[in-house]
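Data block below; observations after.
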Amino acid sequence: MGSAVVVGGGVVGLAVARALQRLDPGTPVVVLEKESAVAAHQTGHNSGVIHSGLYYKPGSLKARLAVAGGAALREFCEAKEIPVDVPGKLVVATNEAEMVQLDRLFDRGHENGVPVRRLTLDEVREREPHLRVSGALAVDSTGRVDFKLVSRALADDVRAEGGEIRTGVTVTSVHSAGSVVRVQTTDEVIEADRVAVCAGLHSDRLARASGLEPGVRILPFRGEYSEIVPERDYLVKGLVYPVPDPDLPFLGVHLTRGIDDTVHIGPNAVPALAREGYRWTKIVPKDLWESLTYRGSWRLARRYGKTGAQEFVRSLTGKALVKAAQRMLPDLQVADVRRAGSGVRAQAVTKQGQLVDDFLFLRDGRTLHVLNAPSPAATACLPIGEHIAQELCGRRA
C-alpha cells in the first residue's frame with residue numbers, strides 16, 4: 001500500500017492507523033496530533049459509556065457499527081487488561097406518552113440486534129430502588145470504560161507495529177499531487193501515499209483549507225455534567241437514561257455511574273463559544289464568528305429555539321438540571337449535586353440547519369476526510385477504523 005498518514009490522535013484516528021497496519025502489515029504509518037498527547041478532546045471528555053446501538057436508525061452505519069463495535073471494544077479491553085464492565089442500562093419512561101416511545105425503542109432495539117427486554121416495576125425497584133417510573137427497558141450490552149486508556153492502548157499497538165505518533169504537530173492542509181498526497185504542517189510537508197483526516201472539531205475547516213467544499217460546518221456543542229456528592233451517590237446504582245424525545249437530537253439528562261464509581265448527571269447541550277470551549281469563559285472570536293455567520297446555525301436555532309433556551313437555563317443554574325433528573329429520581333435534591341467536567345461535541349450541520357445524524361466521509365483521491373463522527377464513534381472505534389482503512393485502500397466491496 002505504501003506509506004500512510006493519519007491526521008488526528010483521537011480514538012478514531014488511532015483506530016484507523018491500527019487498522020491500516022493490519023490491512024497491510026509493514027505499512028509505514030504516521031499519526032499527527034496537534035496536542036501534546038492523544039485523546040485530548042472529544043475522546044478524553046466523553047461519558048465513558050459503551051453504547052449498545054439501541055437508538056439509531058436501522059440500517060444506518062451508526063446502528064451497524066455500534067453493535068459490532070461494542071463487542072469488539074470489550075474484547076480489546078479484556079486483552080489489554082483495561083478495566084471494563086458491562087452492567088447494562090435502564091431506559092425509563094415517566095408517563096404514558098413516554099411509554100409509547102418506550103415500545104418503539106423496544107422494537108428498534110430488536111431491529112438493530114440489540115439485547116433489549118422489558119422490565120416489571122418490581123424488577124426496576126430491585127435494580128434501582130430510588131427510581132420512580134412508569135416502565136423501563138433493560139439494555140444488557142451497555143458498558144463503561146475509560147476511553148483515554150483505550151486510546152493509549154491503541155497508540156501502543158501502532159508503535160509496536162513500527163508506526164509513529166507525533167504530537168505537537170498542527171496540520172494546515174492536505175493536497176493530492178498525482179500519486180502522492182502532501183500533508184502541510186506548520187513546520188514541514190510530509191508526503192504519503194494515502195491520508196485519513198480524523199480532525200474532529202476542526203474537520204470541516206481542514207477540508208476547506210485543502211480546497212474542498214465539505215457541504216457542512218462543524219458547530220461545537222458543549223455538554224456539561226454535574227455529579228452526585230459521594231454521601232448521596234447511593235441513589236443511583238448503575239446507568240439510567242430517560243426515553244429520548246424523538247424530535248430532539250440529544251438523549252436528555254441521564255444518570256450514569258462511571259467506571260470510577262462517580263455518578264454523573266447530564267449532559268446538557270449548549271452552543272460553545274469556541275471549538276474547544278469547555279467553559280463559558282473560553283471564547284475564540286474566529287470560531288464564534290464562523291458559527292454566527294453560518295446560515296445553518298440560524299435555521300437550526302429556529303428549529304430548536306425552545307429547547308435551546310431550556311439548555312441554557314440548565315447550564316446557568318443547577319436547579320434546572322436537578323429538576324430534569326427528579327422526573328426519574330424524586331429523592332434527588334439540589335444540595336446533592338455539584339458541578340463536574342464538560343466535553344465539546346463536534347456536530348456537522350448542513351446549510352439547511354439539519355443535524356447530520358450519521359457518519360459522514362468525503363473522499364478526495366487518495367485522501368479520506370471524516371467530516372462527522374458522532375456518538376457512538378468511541379464505542380465503534382475499531383470497526384470504524386477498519387471501515388475507513390478499507391475505503392481508503394479500495395478494499396470495500
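Here's how to read the names in the C-alpha cells: chain A, B, ... by the order shown, residue numbers from 1 in each chain, ligand numbers from 1 in the order shown.
Those residues that approach Leu206 of chain A to within 10 Å, counting only C-alpha atoms, are Val171, Thr172, Ser173, Val174, Val197, Cys198, Ala199, Gly200, Leu201, Gly211, Leu212, Pro214, His369 and Leu371 of chain A; same-chain residues fewer than 5 positions away are not listed.
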Which residues are close to segment 165-168 of chain A, i.e. within 12 Å by only C-alpha atoms, leaving aside same-chain residues fewer than 4 positions away? Reply as a PyMOL selection string. chain A and resi 5-10+13-14+17-18+28-40+152+154-161+185-187
Residue with smallest distance to Leu149 of chain A - pool A:Val11, A:Ile228, A:Val116, A:Val189, counting only C-alpha atoms: A:Val11
Sorted by chain and rising residue number, which residues of segment 72-177 of chain A lie within 9 Å of segment 253-267 of chain A, and what are their closest atom pairs and distances in Å to one decimal, counting only C-alpha atoms, as JSON lines?
```
{"residue": "A:Pro83", "atom": "CA", "partner": "A:Ile259", "partner_atom": "CA", "distance": 7.7}
{"residue": "A:Val84", "atom": "CA", "partner": "A:Ile259", "partner_atom": "CA", "distance": 7.2}
{"residue": "A:Asp85", "atom": "CA", "partner": "A:Ile259", "partner_atom": "CA", "distance": 7.5}
{"residue": "A:Lys89", "atom": "CA", "partner": "A:Thr256", "partner_atom": "CA", "distance": 8.9}
{"residue": "A:Gly143", "atom": "CA", "partner": "A:Ile259", "partner_atom": "CA", "distance": 9.0}
{"residue": "A:Arg144", "atom": "CA", "partner": "A:Ile259", "partner_atom": "CA", "distance": 5.8}
{"residue": "A:Val145", "atom": "CA", "partner": "A:Ile259", "partner_atom": "CA", "distance": 5.8}
{"residue": "A:Asp146", "atom": "CA", "partner": "A:Ile259", "partner_atom": "CA", "distance": 7.1}
```
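Taking atom CA of Asp233 of chain A and atom CA of Gln310 of chain A as endpoints, the distance between them is 25.7 Å.
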List every residue of segment 295-394 of chain A that DSSP, applied to the backbone of this structure, places in strand (DSSP E), and write the result as number ranges by chain. A: 337-350, 360-364, 367-372
With DSSP run on the backbone, what are the helix (DSSP H, G or I) residues within segment 203-287 of chain A? I'd like them as a PyMOL selection string. chain A and resi 203-209+230-235+285-287
With N, CA and C atoms retained, write the just-selected residues as a PDB file, in the first residue's frame.
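Generated output (selection-v2.pdb):
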```pdb
ATOM      1  N   SER A 203     -12.616  19.330  11.524  1.00  0.00           N
ATOM      2  CA  SER A 203     -12.644  18.542  10.296  1.00  0.00           C
ATOM      3  C   SER A 203     -13.105  19.340   9.082  1.00  0.00           C
ATOM      4  N   ASP A 204     -14.155  20.140   9.229  1.00  0.00           N
ATOM      5  CA  ASP A 204     -14.637  20.925   8.090  1.00  0.00           C
ATOM      6  C   ASP A 204     -13.649  22.001   7.693  1.00  0.00           C
ATOM      7  N   ARG A 205     -13.028  22.599   8.687  1.00  0.00           N
ATOM      8  CA  ARG A 205     -12.070  23.681   8.437  1.00  0.00           C
ATOM      9  C   ARG A 205     -10.861  23.162   7.669  1.00  0.00           C
ATOM     10  N   LEU A 206     -10.406  21.973   8.041  1.00  0.00           N
ATOM     11  CA  LEU A 206      -9.250  21.394   7.354  1.00  0.00           C
ATOM     12  C   LEU A 206      -9.615  20.969   5.934  1.00  0.00           C
ATOM     13  N   ALA A 207     -10.840  20.498   5.740  1.00  0.00           N
ATOM     14  CA  ALA A 207     -11.289  20.155   4.388  1.00  0.00           C
ATOM     15  C   ALA A 207     -11.303  21.395   3.499  1.00  0.00           C
ATOM     16  N   ARG A 208     -11.835  22.505   4.025  1.00  0.00           N
ATOM     17  CA  ARG A 208     -11.868  23.735   3.228  1.00  0.00           C
ATOM     18  C   ARG A 208     -10.470  24.257   2.945  1.00  0.00           C
ATOM     19  N   ALA A 209      -9.582  24.163   3.907  1.00  0.00           N
ATOM     20  CA  ALA A 209      -8.198  24.598   3.702  1.00  0.00           C
ATOM     21  C   ALA A 209      -7.497  23.742   2.659  1.00  0.00           C
ATOM     22  N   PRO A 230     -20.539  12.173  47.019  1.00  0.00           N
ATOM     23  CA  PRO A 230     -20.349  10.770  47.423  1.00  0.00           C
ATOM     24  C   PRO A 230     -21.312  10.271  48.490  1.00  0.00           C
ATOM     25  N   GLU A 231     -21.652  11.121  49.447  1.00  0.00           N
ATOM     26  CA  GLU A 231     -22.529  10.655  50.526  1.00  0.00           C
ATOM     27  C   GLU A 231     -23.968  10.431  50.073  1.00  0.00           C
ATOM     28  N   ARG A 232     -24.306  10.843  48.858  1.00  0.00           N
ATOM     29  CA  ARG A 232     -25.660  10.625  48.339  1.00  0.00           C
ATOM     30  C   ARG A 232     -25.675   9.820  47.038  1.00  0.00           C
ATOM     31  N   ASP A 233     -24.520   9.333  46.603  1.00  0.00           N
ATOM     32  CA  ASP A 233     -24.493   8.646  45.310  1.00  0.00           C
ATOM     33  C   ASP A 233     -25.108   7.247  45.359  1.00  0.00           C
ATOM     34  N   TYR A 234     -25.526   6.810  46.558  1.00  0.00           N
ATOM     35  CA  TYR A 234     -26.253   5.539  46.646  1.00  0.00           C
ATOM     36  C   TYR A 234     -27.610   5.604  45.938  1.00  0.00           C
ATOM     37  N   LEU A 235     -28.046   6.822  45.599  1.00  0.00           N
ATOM     38  CA  LEU A 235     -29.324   6.986  44.913  1.00  0.00           C
ATOM     39  C   LEU A 235     -29.341   6.345  43.527  1.00  0.00           C
ATOM     40  N   PRO A 285     -12.747  34.309  18.999  1.00  0.00           N
ATOM     41  CA  PRO A 285     -13.532  35.120  18.056  1.00  0.00           C
ATOM     42  C   PRO A 285     -13.720  34.474  16.686  1.00  0.00           C
ATOM     43  N   LYS A 286     -12.672  33.853  16.132  1.00  0.00           N
ATOM     44  CA  LYS A 286     -12.801  33.225  14.823  1.00  0.00           C
ATOM     45  C   LYS A 286     -13.837  32.103  14.851  1.00  0.00           C
ATOM     46  N   ASP A 287     -13.790  31.272  15.874  1.00  0.00           N
ATOM     47  CA  ASP A 287     -14.743  30.163  15.988  1.00  0.00           C
ATOM     48  C   ASP A 287     -16.170  30.693  16.129  1.00  0.00           C
TER      49      ASP A 287
END
```
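Taking atom CA of Gly277 of chain A and atom CA of Ser47 of chain A as endpoints, the distance between them is 17.2 Å.
If you measure from each of A:Val334, A:Leu65, A:Val133, A:Ala324 to Asn112 of chain A using only C-alpha atoms, the closest one turns out to be A:Leu65.
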Any idea what's packed within 9 Å of Phe361 of chain A, counting only C-alpha atoms, ignoring anything in its chain fewer than 2 positions away? Could you give it as a PyMOL selection string? chain A and resi 359+363+368-373+388
Could you write out the selected residues, including C-alpha atoms, as a short mmCIF file (atom, residue, chain, number, x, y, z; two decimals), in the first residue's frame?
```cif
data_model
loop_
_atom_site.label_atom_id
_atom_site.label_comp_id
_atom_site.auth_asym_id
_atom_site.auth_seq_id
_atom_site.Cartn_x
_atom_site.Cartn_y
_atom_site.Cartn_z
CA PHE A 359 -21.04 9.22 9.94
CA ARG A 363 -13.18 11.28 -0.49
CA LEU A 368 -10.48 10.48 3.05
CA HIS A 369 -11.87 13.20 5.33
CA VAL A 370 -14.04 12.16 8.29
CA LEU A 371 -16.46 15.09 8.49
CA ASN A 372 -18.85 13.75 11.12
CA ALA A 373 -18.15 11.07 13.70
CA ILE A 388 -12.12 3.81 6.87
#
```
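Distances here use only C-alpha atoms; by that measure, the residue among A:Leu382, A:Leu20, A:Ala320, A:Ala138 closest to Ser226 of chain A is A:Ala320.
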Among A:Ala136, A:Leu239, A:Ala153, A:Ala15, Leu105 of chain A is approached most closely, using only C-alpha atoms, by A:Ala136
